[in-house]
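Undergrad: Just so it is clear, I am handing over entry-v4.cif, which has mmCIF, C-alpha atoms.
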data_my_file
#
loop_
_atom_site.label_atom_id
_atom_site.label_comp_id
_atom_site.auth_asym_id
_atom_site.auth_seq_id
_atom_site.Cartn_x
_atom_site.Cartn_y
_atom_site.Cartn_z
CA MET A 158 91.55 144.70 188.87
CA LYS A 159 90.42 148.31 188.72
CA GLU A 160 89.21 148.20 192.34
CA PHE A 161 92.60 146.87 193.46
CA VAL A 162 94.53 149.59 191.64
CA VAL A 163 92.19 152.31 192.95
CA THR A 164 92.75 151.03 196.50
CA VAL A 165 96.52 151.05 196.00
CA LEU A 166 96.39 154.54 194.50
CA GLY A 167 94.32 155.87 197.40
CA THR A 168 96.75 154.37 199.92
CA LEU A 169 99.75 155.80 198.08
CA VAL A 170 98.17 159.28 197.94
CA LEU A 171 97.61 159.17 201.70
CA VAL A 172 101.21 158.05 202.33
CA CYS A 173 102.46 160.73 199.95
CA PHE A 174 100.49 163.45 201.74
CA VAL A 175 101.79 162.42 205.16
CA ALA A 176 105.38 162.05 203.94
CA GLN A 177 105.33 165.45 202.23
CA TRP A 178 103.77 167.10 205.30
CA ILE A 179 106.52 165.71 207.52
CA ALA A 180 109.24 166.54 204.98
CA SER A 181 108.08 170.16 204.72
CA ARG A 182 108.70 170.55 208.44
CA THR A 183 112.26 169.25 208.50
CA LYS A 184 114.89 171.65 209.76
CA SER A 185 116.88 171.91 206.52
CA HIS A 186 113.75 172.43 204.42
CA MET A 187 112.41 175.14 206.73
CA VAL A 188 115.74 177.01 206.86
CA ALA A 189 115.89 177.15 203.06
CA SER A 190 112.21 178.06 202.73
CA LEU A 191 112.56 180.99 205.17
CA ASN A 192 115.20 182.70 203.00
CA PRO A 193 113.27 185.09 200.70
CA GLU A 194 116.14 185.49 198.23
CA PHE A 195 116.49 181.75 197.83
CA LYS A 196 112.73 181.28 197.38
CA LYS A 197 112.74 183.98 194.71
CA PHE A 198 115.66 182.29 192.96
CA GLN A 199 113.87 178.93 193.06
CA ARG A 200 110.76 180.46 191.50
CA ILE A 201 112.86 181.97 188.70
CA PHE A 202 114.28 178.50 187.97
CA PHE A 203 111.15 176.43 188.48
CA ALA A 204 108.75 178.44 186.32
CA PRO A 205 110.38 177.79 182.91
CA TYR A 206 111.90 174.45 183.90
CA LEU A 207 108.61 172.91 185.04
CA LEU A 208 106.88 174.24 181.92
CA ALA A 209 109.55 172.51 179.83
CA LEU A 210 109.09 169.27 181.76
CA PHE A 211 105.31 169.51 181.38
CA SER A 212 105.63 169.88 177.61
CA ASP A 213 107.81 166.75 177.58
CA TRP A 214 105.36 164.74 179.70
CA LEU A 215 102.42 165.78 177.49
CA GLN A 216 103.90 163.99 174.51
CA GLY A 217 104.91 160.70 176.13
CA PRO A 218 101.58 158.82 176.32
CA TYR A 219 100.65 159.37 172.67
CA VAL A 220 103.87 158.92 170.70
CA TYR A 221 103.32 155.21 170.03
CA ARG A 222 99.60 155.64 169.36
CA LEU A 223 100.25 158.45 166.88
CA TYR A 224 102.75 156.37 164.90
CA SER A 225 100.35 153.44 164.98
CA GLN A 226 97.46 155.57 163.72
CA TYR A 227 99.63 156.71 160.84
CA GLY A 228 99.86 153.05 159.85
CA TYR A 229 103.38 152.14 160.90
CA ALA A 230 104.20 148.60 162.04
CA PRO A 231 105.72 147.95 165.49
CA LYS A 232 109.13 147.36 163.94
CA GLU A 233 109.03 150.76 162.20
CA ILE A 234 107.86 152.43 165.41
CA ALA A 235 110.72 150.80 167.30
CA LEU A 236 113.11 152.20 164.68
CA LEU A 237 111.76 155.71 165.27
CA TYR A 238 112.30 155.31 169.02
CA ILE A 239 115.84 154.04 168.45
CA VAL A 240 116.59 157.06 166.24
CA GLY A 241 115.71 159.37 169.14
CA PHE A 242 117.99 157.57 171.59
CA ALA A 243 120.77 157.33 169.02
CA ALA A 244 120.57 161.07 168.29
CA SER A 245 120.73 161.81 172.01
CA SER A 246 123.83 159.67 172.46
CA THR A 247 125.67 161.08 169.41
CA VAL A 248 124.68 164.57 168.28
CA GLY A 249 123.09 165.36 171.65
CA THR A 250 126.38 164.71 173.42
CA PHE A 251 127.84 167.88 171.90
CA THR A 252 125.07 170.09 173.33
CA GLY A 253 126.95 170.04 176.64
CA PRO A 254 130.18 171.58 175.28
CA LEU A 255 128.04 174.01 173.27
CA ALA A 256 126.23 175.09 176.44
CA ASP A 257 129.49 175.53 178.34
CA MET A 258 131.05 177.53 175.50
CA PHE A 259 128.20 179.66 174.15
CA GLY A 260 125.94 179.92 177.19
CA ARG A 261 123.58 177.63 179.05
CA ARG A 262 120.70 180.09 178.87
CA ARG A 263 121.04 180.15 175.07
CA LEU A 264 120.94 176.35 174.89
CA CYS A 265 117.84 176.24 177.12
CA LEU A 266 116.17 178.68 174.73
CA ALA A 267 117.30 176.49 171.84
CA PHE A 268 115.61 173.53 173.54
CA CYS A 269 112.26 175.34 173.47
CA PHE A 270 112.52 176.07 169.74
CA ILE A 271 113.90 172.64 168.79
CA TYR A 272 111.19 170.83 170.74
CA THR A 273 108.52 173.06 169.19
CA PHE A 274 109.79 171.98 165.76
CA CYS A 275 109.61 168.33 166.90
CA CYS A 276 105.97 168.79 167.88
CA LEU A 277 105.14 170.31 164.50
CA THR A 278 106.66 167.34 162.64
CA LYS A 279 104.04 165.10 164.30
CA MET A 280 101.37 166.72 162.13
CA SER A 281 102.74 164.91 159.07
CA PRO A 282 102.30 161.14 158.53
CA ASN A 283 105.40 161.13 156.32
CA PHE A 284 108.00 158.74 157.76
CA TRP A 285 110.95 161.02 157.05
CA TRP A 286 109.33 164.00 158.75
CA LEU A 287 108.71 161.80 161.79
CA PHE A 288 112.28 160.51 161.53
CA THR A 289 113.59 164.10 161.48
CA GLY A 290 111.42 164.95 164.46
CA ARG A 291 112.88 162.08 166.45
CA LEU A 292 116.42 163.18 165.55
CA PHE A 293 115.82 166.68 166.85
CA GLY A 294 113.86 165.30 169.80
CA GLY A 295 116.89 163.30 170.91
CA VAL A 296 119.00 166.47 170.83
CA ALA A 297 116.33 168.43 172.72
CA THR A 298 116.05 165.89 175.54
CA SER A 299 119.83 165.97 175.95
CA ILE A 300 119.53 169.70 176.64
CA LEU A 301 116.52 169.30 178.94
CA PHE A 302 118.19 166.77 181.21
CA SER A 303 121.62 168.38 181.43
CA THR A 304 121.78 172.08 180.57
CA PHE A 305 118.90 173.27 182.78
CA GLU A 306 120.57 171.63 185.77
CA ALA A 307 123.97 173.07 184.83
CA TRP A 308 122.47 176.57 184.65
CA TYR A 309 120.83 176.19 188.05
CA VAL A 310 123.89 174.84 189.87
CA CYS A 311 126.09 177.61 188.49
CA GLU A 312 123.63 180.32 189.56
CA HIS A 313 123.16 178.69 192.97
CA THR A 314 126.83 178.29 193.82
CA GLU A 315 128.66 180.92 191.77
CA ARG A 316 126.41 183.95 191.37
CA ASN A 317 124.13 183.74 194.43
CA VAL A 318 126.52 181.76 196.68
CA PHE A 319 123.75 179.94 198.54
CA PRO A 320 124.76 177.00 200.81
CA ALA A 321 125.49 173.85 198.80
CA ASP A 322 123.16 171.80 201.03
CA TRP A 323 120.19 173.78 199.72
CA ILE A 324 120.69 172.26 196.26
CA SER A 325 119.11 169.05 197.58
CA SER A 326 116.03 171.03 198.58
CA THR A 327 115.59 172.33 195.03
CA PHE A 328 116.05 168.91 193.43
CA SER A 329 113.63 167.29 195.91
CA ILE A 330 110.97 169.88 195.11
CA SER A 331 111.66 169.45 191.39
CA THR A 332 111.23 165.68 191.61
CA PHE A 333 108.02 166.05 193.64
CA TRP A 334 106.48 168.48 191.15
CA ASN A 335 107.67 166.34 188.27
CA GLY A 336 105.36 163.61 189.55
CA ILE A 337 102.42 166.02 189.82
CA LEU A 338 103.06 167.35 186.31
CA ALA A 339 103.22 163.82 184.91
CA ILE A 340 99.78 163.02 186.35
CA LEU A 341 98.34 166.34 185.18
CA SER A 342 99.82 165.92 181.71
CA GLY A 343 98.05 162.57 181.33
CA VAL A 344 94.72 164.23 182.11
CA VAL A 345 95.37 167.15 179.72
CA ALA A 346 96.59 164.82 176.95
CA ASP A 347 93.53 162.57 177.32
CA PHE A 348 91.23 165.59 177.34
CA GLY A 349 92.53 166.84 174.00
CA ALA A 350 93.01 163.48 172.28
CA ASP A 351 89.99 161.50 173.47
CA TRP A 352 87.39 163.72 175.12
CA LEU A 353 87.58 166.44 172.44
CA ASN A 354 88.27 163.85 169.70
CA PHE A 355 91.25 165.74 168.32
CA GLY A 356 93.23 162.51 168.05
CA PRO A 357 96.74 161.59 169.21
CA VAL A 358 98.32 164.65 167.57
CA ALA A 359 96.52 166.94 170.08
CA PRO A 360 99.01 166.57 172.98
CA PHE A 361 101.88 167.60 170.72
CA MET A 362 100.05 170.76 169.68
CA THR A 363 99.10 171.42 173.30
CA ALA A 364 102.79 171.27 174.29
CA ILE A 365 103.78 174.15 171.99
CA PRO A 366 102.26 177.02 174.06
CA PHE A 367 104.03 175.72 177.17
CA LEU A 368 107.34 175.64 175.29
CA ILE A 369 106.81 179.19 174.08
CA ALA A 370 105.95 180.32 177.62
CA SER A 371 109.10 178.63 178.93
CA ALA A 372 111.21 180.41 176.29
CA ILE A 373 109.70 183.79 177.19
CA LEU A 374 110.40 183.30 180.91
CA ILE A 375 113.96 182.16 180.25
CA SER A 376 114.66 185.17 178.03
CA LEU A 377 113.18 187.61 180.57
CA THR A 378 114.37 186.22 183.91
CA TRP A 379 117.49 184.08 183.45
CA PRO A 380 120.98 185.62 183.30
CA GLU A 381 123.56 183.92 181.12
CA ASN A 382 126.29 181.69 182.52
CA HIS A 383 129.06 179.64 180.92
CA GLY A 384 131.42 176.81 181.55
CA SER A 385 134.87 176.56 180.04
CA ARG A 386 135.35 178.59 176.85
CA GLN A 387 139.05 177.99 176.31
CA PHE A 388 138.60 174.90 174.08
CA GLY A 389 136.86 174.26 170.79
CA LEU A 390 133.82 171.99 170.54
CA GLY A 391 135.70 168.74 169.90
CA ARG A 392 138.45 169.57 172.37
CA SER A 393 135.88 170.43 175.02
CA PHE A 394 134.30 167.00 174.60
CA VAL A 395 137.70 165.29 174.86
CA GLU A 396 138.57 167.31 177.97
CA GLY A 397 135.29 166.20 179.53
CA LEU A 398 136.16 162.57 178.89
CA ARG A 399 139.65 163.09 180.29
CA THR A 400 138.20 164.60 183.46
CA ILE A 401 135.84 161.65 183.90
CA PHE A 402 138.56 159.03 183.55
CA ASN A 403 141.07 160.95 185.67
CA ASP A 404 138.73 161.37 188.64
CA SER A 405 137.42 158.09 190.06
CA ALA A 406 134.55 159.79 191.91
CA ILE A 407 133.21 161.34 188.69
CA PHE A 408 133.69 158.09 186.78
CA LEU A 409 131.88 156.01 189.42
CA LEU A 410 129.01 158.51 189.69
CA GLY A 411 128.62 158.45 185.91
CA LEU A 412 128.58 154.65 185.97
CA VAL A 413 125.84 154.65 188.61
CA GLN A 414 123.80 157.13 186.56
CA SER A 415 124.20 155.14 183.35
CA MET A 416 123.16 151.86 185.00
CA PHE A 417 120.22 153.23 186.99
CA GLU A 418 118.75 155.36 184.23
CA SER A 419 119.17 152.55 181.69
CA ILE A 420 116.93 150.46 183.96
CA MET A 421 114.40 153.30 184.01
CA TYR A 422 114.29 153.67 180.24
CA ILE A 423 114.06 149.92 179.62
CA PHE A 424 111.29 149.68 182.21
CA VAL A 425 109.23 152.24 180.25
CA PHE A 426 108.99 149.75 177.36
CA LEU A 427 108.23 146.76 179.57
CA TRP A 428 105.57 147.63 182.13
CA THR A 429 102.61 147.98 179.74
CA PRO A 430 103.17 144.63 177.91
CA ILE A 431 103.69 142.87 181.26
CA LEU A 432 100.34 144.04 182.66
CA ASP A 433 98.51 143.69 179.33
CA SER A 434 99.71 140.09 178.95
CA ALA A 435 98.08 139.04 182.24
CA GLN A 436 95.65 136.17 181.73
CA SER A 437 92.63 137.95 183.16
CA THR A 438 89.28 139.13 181.85
CA ASP A 439 89.63 142.24 184.01
CA ALA A 440 92.11 144.52 182.22
CA TRP A 441 94.55 146.69 184.14
CA PRO A 442 93.57 150.41 184.14
CA LEU A 443 96.87 151.67 182.70
CA GLY A 444 96.10 155.33 183.36
CA LEU A 445 95.58 154.67 187.07
CA VAL A 446 98.68 152.46 187.15
CA PHE A 447 100.70 155.33 185.69
CA SER A 448 99.28 157.62 188.38
CA CYS A 449 100.44 155.12 191.02
CA PHE A 450 103.94 155.29 189.56
CA MET A 451 104.03 159.08 189.73
CA VAL A 452 102.75 159.18 193.31
CA CYS A 453 105.51 156.71 194.24
CA ILE A 454 108.09 159.08 192.74
CA MET A 455 106.66 161.85 194.93
CA ILE A 456 106.90 159.57 197.98
CA GLY A 457 110.52 158.81 197.12
CA SER A 458 111.28 162.53 196.86
CA SER A 459 109.83 163.13 200.34
CA MET A 460 111.79 160.17 201.69
CA ASN A 461 114.97 161.75 200.36
CA THR A 462 114.25 164.89 202.38
CA LEU A 463 113.43 162.90 205.51
CA LEU A 464 116.61 160.82 205.23
CA LEU A 465 118.73 163.95 204.77
CA ASN A 466 117.16 165.41 207.89
CA ARG A 467 118.34 162.33 209.79
CA ASN A 468 121.88 163.10 208.63
CA ILE A 469 121.92 160.28 206.07
CA ARG A 470 124.45 161.34 203.45
CA PRO A 471 123.30 161.80 199.82
CA SER A 472 125.82 159.14 198.73
CA THR A 473 124.13 156.67 201.10
CA ILE A 474 120.69 157.63 199.79
CA LEU A 475 121.99 157.00 196.27
CA LEU A 476 123.18 153.55 197.37
CA MET A 477 119.78 152.83 198.94
CA SER A 478 117.93 153.82 195.77
CA VAL A 479 120.11 151.56 193.61
CA ALA A 480 119.60 148.69 196.09
CA CYS A 481 115.81 149.16 195.87
CA SER A 482 115.99 149.06 192.07
CA ALA A 483 117.97 145.81 192.26
CA ILE A 484 115.35 144.23 194.55
CA SER A 485 112.62 145.41 192.19
CA MET A 486 114.29 143.98 189.08
CA ILE A 487 115.09 140.65 190.74
CA THR A 488 111.43 140.38 191.74
CA CYS A 489 110.28 141.23 188.20
CA ALA A 490 112.64 138.68 186.66
CA TRP A 491 111.00 136.04 188.87
CA SER A 492 107.39 137.20 188.44
CA THR A 493 107.54 137.40 184.62
CA ASN A 494 108.46 133.75 184.12
CA MET A 495 106.44 132.41 181.18
CA GLN A 496 105.36 129.37 183.21
CA HIS A 497 103.83 131.35 186.09
CA ARG A 498 103.34 135.04 185.43
CA LEU A 499 102.40 137.02 188.55
CA PRO A 500 101.30 140.47 187.36
CA VAL A 501 100.28 141.68 190.84
CA ILE A 502 103.77 140.93 192.18
CA SER A 503 105.27 142.66 189.14
CA PHE A 504 103.06 145.68 189.78
CA LEU A 505 104.20 145.94 193.41
CA ALA A 506 107.82 145.62 192.28
CA PHE A 507 107.20 148.43 189.78
CA LEU A 508 106.02 150.64 192.65
CA LEU A 509 109.25 149.95 194.56
CA LEU A 510 111.26 150.93 191.49
CA GLU A 511 109.38 154.23 191.19
CA ILE A 512 109.97 155.03 194.88
CA SER A 513 113.67 154.44 194.28
CA VAL A 514 113.49 156.83 191.31
CA GLY A 515 112.05 159.52 193.57
CA MET A 516 114.93 159.03 196.02
CA TYR A 517 117.52 158.83 193.24
CA PHE A 518 117.05 162.09 191.36
CA PRO A 519 117.54 164.57 194.24
CA ALA A 520 120.54 162.55 195.46
CA ILE A 521 122.28 162.24 192.09
CA GLY A 522 121.56 165.90 191.28
CA TYR A 523 123.21 167.07 194.48
CA LEU A 524 126.19 164.73 194.09
CA ARG A 525 126.76 165.86 190.49
CA SER A 526 126.81 169.44 191.74
CA GLN A 527 129.55 168.52 194.22
CA VAL A 528 131.92 166.39 192.14
CA ILE A 529 131.67 167.76 188.57
CA PRO A 530 133.81 170.85 187.84
CA GLU A 531 131.71 173.94 187.10
CA SER A 532 133.69 174.66 183.91
CA GLN A 533 132.66 171.30 182.37
CA ARG A 534 129.31 170.65 184.05
CA ALA A 535 127.04 170.54 180.99
CA SER A 536 129.63 168.64 178.93
CA ILE A 537 130.11 165.89 181.51
CA ASN A 538 126.37 165.65 182.25
CA ASN A 539 125.80 164.84 178.57
CA VAL A 540 128.64 162.31 178.43
CA PHE A 541 126.96 160.47 181.31
CA ARG A 542 123.89 159.98 179.10
CA VAL A 543 125.75 158.27 176.24
CA PRO A 544 125.96 154.74 177.75
CA LEU A 545 122.33 154.73 178.85
CA ASN A 546 121.16 155.72 175.35
CA VAL A 547 123.32 153.01 173.75
CA ILE A 548 122.07 150.39 176.22
CA THR A 549 118.44 151.42 175.73
CA CYS A 550 118.77 151.34 171.93
CA THR A 551 120.27 147.85 172.07
CA VAL A 552 117.58 146.44 174.38
CA LEU A 553 114.78 148.09 172.41
CA TYR A 554 116.12 146.59 169.19
CA CYS A 555 116.36 143.13 170.75
CA LEU A 556 112.79 143.38 172.08
CA HIS A 557 111.34 144.32 168.69
CA LYS A 558 113.58 142.63 166.12
CA ASN A 559 111.16 139.70 165.80
CA ASP A 560 107.94 141.76 165.81
CA ASP A 561 106.99 140.46 162.38
CA SER A 562 106.96 136.90 163.73
CA GLY A 563 105.12 137.51 166.98
CA GLY A 564 107.65 139.55 168.91
CA ASN A 565 109.80 138.87 171.89
CA HIS A 566 107.19 139.97 174.41
CA ALA A 567 105.38 136.71 173.87
CA SER A 568 108.47 134.52 173.91
CA GLY A 569 110.15 135.41 177.17
CA GLY A 570 111.82 138.59 175.94
CA ASP A 571 110.38 140.56 178.85
CA GLN A 572 111.93 138.26 181.43
CA ASN A 573 115.28 138.38 179.62
CA ALA A 574 115.11 142.18 179.67
CA PHE A 575 114.46 142.15 183.40
CA LEU A 576 117.35 139.74 183.91
CA PHE A 577 119.53 142.17 182.00
CA ASN A 578 118.23 144.94 184.28
CA VAL A 579 119.27 142.82 187.27
CA VAL A 580 122.83 142.79 185.92
CA LEU A 581 122.71 146.56 185.39
CA SER A 582 121.39 147.14 188.91
CA LEU A 583 124.10 144.96 190.47
CA VAL A 584 126.82 146.79 188.51
CA GLY A 585 125.25 150.06 189.63
CA PHE A 586 125.14 148.90 193.25
CA VAL A 587 128.83 147.97 193.27
CA ALA A 588 129.67 151.32 191.61
CA ALA A 589 127.50 153.18 194.16
CA MET A 590 129.32 151.47 197.05
CA ALA A 591 132.70 152.37 195.57
CA PHE A 592 131.55 155.94 194.90
CA SER A 593 130.22 156.34 198.45
CA LYS A 594 133.59 155.30 199.87
CA ARG A 595 135.53 157.54 197.49
CA TYR A 596 133.19 160.51 198.03
CA GLU A 597 133.48 160.24 201.81
CA GLU A 598 137.28 160.16 201.51
CA LYS A 599 137.25 163.28 199.32
CA SER A 600 134.82 165.06 201.65
CA LYS A 601 136.99 164.23 204.68
CA THR A 602 140.15 165.41 202.91
CA SER A 603 138.45 168.65 201.88
CA THR A 604 137.23 169.25 205.43
CA ASP A 605 140.67 168.59 206.89
CA GLU A 606 142.25 171.04 204.46
CA LYS A 607 139.76 173.74 205.42
CA ASN A 608 140.37 173.17 209.12
CA GLU A 609 144.16 173.11 208.74
CA PRO A 610 145.62 176.10 210.70
CA LEU A 611 147.37 178.79 208.72
CA ILE A 612 151.07 179.27 209.54
#
As structure tokens, what does this structure read like?
TA:
Amino acid sequence: MKEFVVTVLGTLVLVCFVAQWIASRTKSHMVASLNPEFKKFQRIFFAPYLLALFSDWLQGPYVYRLYSQYGYAPKEIALLYIVGFAASSTVGTFTGPLADMFGRRRLCLAFCFIYTFCCLTKMSPNFWWLFTGRLFGGVATSILFSTFEAWYVCEHTERNVFPADWISSTFSISTFWNGILAILSGVVADFGADWLNFGPVAPFMTAIPFLIASAILISLTWPENHGSRQFGLGRSFVEGLRTIFNDSAIFLLGLVQSMFESIMYIFVFLWTPILDSAQSTDAWPLGLVFSCFMVCIMIGSSMNTLLLNRNIRPSTILLMSVACSAISMITCAWSTNMQHRLPVISFLAFLLLEISVGMYFPAIGYLRSQVIPESQRASINNVFRVPLNVITCTVLYCLHKNDDSGGNHASGGDQNAFLFNVVLSLVGFVAAMAFSKRYEEKSKTSTDEKNEPLI
């Protein structure tokens, strides 16, 4: 099996190289890259943001192993995971209004310190210290995946007044480098934990210097920006909800995000058991499989750039990415049948899902920048994450509630989870179609108003 995965990885790397080479020579990419002020602005954003992402990726591969080494049962480990998602969907939701009111730069700095504290809690085997770390980790990830973007979009459109189309370029580059960082983080984490024999706590300690470096760069190079400061914390959250439900485009985009990213999070807990359960004496090389996933994300990011260059609208690219995820999940639901498991087919479907992820993130990032009001950007971004955290918590609980009696992975729970993902993907596809239609109508109306002659 290792030879097969190595062959697939080599092919994907070649495709990725060609796709990125072509994408770097597209007209829109070259226009943005030739503007020195824009390139400088991108570097100011990317340096601390990519360091923050790298610190997050470093921790991922060893969270479960660390809890297991401390002697916790799968059911207790599942509880710790659920705590993180629950904290993100409750307490973490209010980080958006806080960022809009008190400053997005301040909240990004807070992320660095909160996540550093989370890493330090991993040094203790005490359950309640680990529990506390997961609570704060859920809050920190809410900031990472909403406030950094809100800061960038505000600086791009309000302070620097760069063309809105260039936002897609930044998000495509971010997604591409995210894949590279994920691969690199796996190597660095393995080096500290296994090669140097420091154990599974090593990646968490390794992440701390990168968080400190990110905080220093933010404090030295990022100006402050705000959203709406006319409401209190609770009122700001309510106003965000009101805006979502009063604007169908925002509501539909949030629904697409919740469905698609729920699939992503659920998939994280499914792919390893699916491949490990294969009836084969030749085990799957999970590290190489993970590398395949990340290269696919990079390919998807390049595809996004190429499609934009062919005048394919971001809303259409979003629809295409959701459609690919639906095809992937339908295939997985079929290939994980307990009577005839087909791990190779599942693996290929996983690759399709990861390509769709690479297409999705630049598209959704650009569309959020266009439809969400600047004054409520961080608040609404966090509200979008509530349903996906609730859905992920529920599925994770259902997968692990019978761990003491053999678990659901061995009794068809994986296939049921994929079937649930099929439902999510179909809901997301319908929402993406409705959003595309509504977004085009709004864009046309806006264009007509701009072109209307003054009397």
Undergrad: In the coordinate frame of the file, compute which residues have an atom within 9 Å of (134.6, 161.7, 185.3) when using all atoms listed in the file, and state them as a PyMOL selection string.
TA: chain A and resi 397-411+528-529+537+541
Undergrad: Would you translate the PyMOL selection byres ((chain A and resi 216-220) around 10) into the concrete set of residues it matches in this file, as a ChimeraX atom specification?
TA: /A:211-215,221-225,234,238,276,279,339,342-343,346-347,350,356-364,444
Undergrad: Could you tell me which of A:Ala483, A:Cys489, A:Gly260, A:Leu207 comes closest to A:Val584 if we count only C-alpha atoms?
TA: A:Ala483
Undergrad: Using the chain letters and residue numbers of this document, give as JSON, numbers by chain the residues selected by the PyMOL selection byres ((chain A and resi 588-593) around 10).
TA: {"A": [405, 406, 407, 408, 409, 410, 411, 412, 413, 414, 416, 470, 471, 472, 473, 474, 475, 476, 477, 478, 479, 480, 582, 583, 584, 585, 586, 587, 594, 595, 596, 597, 598, 599]}
Undergrad: Go ahead and save the residues from that selection, with C-alpha atoms, as a PDB file, in the frame of the given file.
TA:
ATOM      1  CA  SER A 405     137.420 158.090 190.060  1.00  0.00           C
ATOM      2  CA  ALA A 406     134.550 159.790 191.910  1.00  0.00           C
ATOM      3  CA  ILE A 407     133.210 161.340 188.690  1.00  0.00           C
ATOM      4  CA  PHE A 408     133.690 158.090 186.780  1.00  0.00           C
ATOM      5  CA  LEU A 409     131.880 156.010 189.420  1.00  0.00           C
ATOM      6  CA  LEU A 410     129.010 158.510 189.690  1.00  0.00           C
ATOM      7  CA  GLY A 411     128.620 158.450 185.910  1.00  0.00           C
ATOM      8  CA  LEU A 412     128.580 154.650 185.970  1.00  0.00           C
ATOM      9  CA  VAL A 413     125.840 154.650 188.610  1.00  0.00           C
ATOM     10  CA  GLN A 414     123.800 157.130 186.560  1.00  0.00           C
ATOM     11  CA  MET A 416     123.160 151.860 185.000  1.00  0.00           C
ATOM     12  CA  ARG A 470     124.450 161.340 203.450  1.00  0.00           C
ATOM     13  CA  PRO A 471     123.300 161.800 199.820  1.00  0.00           C
ATOM     14  CA  SER A 472     125.820 159.140 198.730  1.00  0.00           C
ATOM     15  CA  THR A 473     124.130 156.670 201.100  1.00  0.00           C
ATOM     16  CA  ILE A 474     120.690 157.630 199.790  1.00  0.00           C
ATOM     17  CA  LEU A 475     121.990 157.000 196.270  1.00  0.00           C
ATOM     18  CA  LEU A 476     123.180 153.550 197.370  1.00  0.00           C
ATOM     19  CA  MET A 477     119.780 152.830 198.940  1.00  0.00           C
ATOM     20  CA  SER A 478     117.930 153.820 195.770  1.00  0.00           C
ATOM     21  CA  VAL A 479     120.110 151.560 193.610  1.00  0.00           C
ATOM     22  CA  ALA A 480     119.600 148.690 196.090  1.00  0.00           C
ATOM     23  CA  SER A 582     121.390 147.140 188.910  1.00  0.00           C
ATOM     24  CA  LEU A 583     124.100 144.960 190.470  1.00  0.00           C
ATOM     25  CA  VAL A 584     126.820 146.790 188.510  1.00  0.00           C
ATOM     26  CA  GLY A 585     125.250 150.060 189.630  1.00  0.00           C
ATOM     27  CA  PHE A 586     125.140 148.900 193.250  1.00  0.00           C
ATOM     28  CA  VAL A 587     128.830 147.970 193.270  1.00  0.00           C
ATOM     29  CA  LYS A 594     133.590 155.300 199.870  1.00  0.00           C
ATOM     30  CA  ARG A 595     135.530 157.540 197.490  1.00  0.00           C
ATOM     31  CA  TYR A 596     133.190 160.510 198.030  1.00  0.00           C
ATOM     32  CA  GLU A 597     133.480 160.240 201.810  1.00  0.00           C
ATOM     33  CA  GLU A 598     137.280 160.160 201.510  1.00  0.00           C
ATOM     34  CA  LYS A 599     137.250 163.280 199.320  1.00  0.00           C
TER      35      LYS A 599
END
Undergrad: Rank nothing, just name the residue among A:Ser371, A:Asn283, A:Ser303, A:Asn317 nearest to A:Ala209, using all atoms listed in the file.
TA: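 Closest to A:Ala209, using all atoms listed in the file: A:Ser371.
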Undergrad: List every protein, DNA or RNA residue that has an atom no more than 10 Å from (118.1, 176.3, 196.4) in the file's coordinate frame, counting all atoms listed in the file, and report them as a count of residues only.
TA: 29
Undergrad: Pick the closest to A:Val248 from A:Phe293, A:Trp334, A:Phe302, A:Phe203: which is it, counting all atoms listed in the file?
TA: A:Phe293
Undergrad: Evaluate the PyMOL selection byres ((chain A and resi 501) around 10) on the structure here and hand back the selected residues as a list in words.
TA: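 Here the PyMOL selection byres ((chain A and resi 501) around 10) matches Met158, Phe161, Val162, Leu432, Ala435, Ser492, Arg498, Leu499, Pro500, Ile502, Ser503, Phe504, Leu505, Ala506 and Phe507 of chain A.
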Undergrad: Considering only C-alpha atoms, state which residue in the set A:Gly384, A:Pro254, A:Gln226, A:Pro193 is at the smallest distance from A:Pro530.
TA: A:Gly384
Undergrad: With distances taken over all atoms listed in the file, which residue among A:Gly336, A:Gly249, A:Ser393, A:Phe518 lies nearest A:Cys449?
TA: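 Among the listed residues, the smallest separation from A:Cys449 belongs to A:Gly336.
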Undergrad: For atom CA of A:Leu266 and atom CA of A:Glu315, quote the distance in Å rounded to one decimal.
TA: 21.2 Å
Undergrad: Leaving out A:Ile179 and any residue of its chain fewer than 5 positions from it, which residues lie within 10 Å of it when counting all atoms listed in the file, given as JSON, numbers by chain?
TA: {"A": [173, 174, 459, 460, 462, 463]}
Undergrad: Report, in Å with one decimal, the straight-line distance from atom CA of A:Leu169 to atom CA of A:Thr332.
TA: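 Those two atoms sit 16.5 Å apart.
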Undergrad: Nearest to A:Thr378: which of A:Ile431, A:Pro205, A:Cys550, A:Trp178 is it, counting only C-alpha atoms?
TA: A:Pro205
Undergrad: One decimal, Å: what's the distance from atom CA of A:Glu511 over to atom CA of A:Ile484, could you say?
TA: 12.1 Å
Undergrad: Excluding A:Tyr422 and any residue of its chain fewer than 2 positions from it, enumerate the residues within 10 Å of it, using all atoms listed in the file, and give them as an MDAnalysis selection string.
TA: chainID A and resid 417:420 424:427 545:546 548:550 552:553
Undergrad: Compile the contact shell of A:Ala297 as a list in words: residues with an atom at most 10 Å away, counting all atoms listed in the file, same-chain residues fewer than 4 positions apart removed.
TA: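 After dropping sequence-adjacent residues, the list is Asp213, Gly241, Ala244, Ser245, Gly249, Thr252, Leu264, Cys265, Ala267, Phe268, Cys269, Phe270, Ile271, Tyr272, Thr273, Cys275, Arg291, Leu292, Phe293, Leu301 and Phe302 of chain A.
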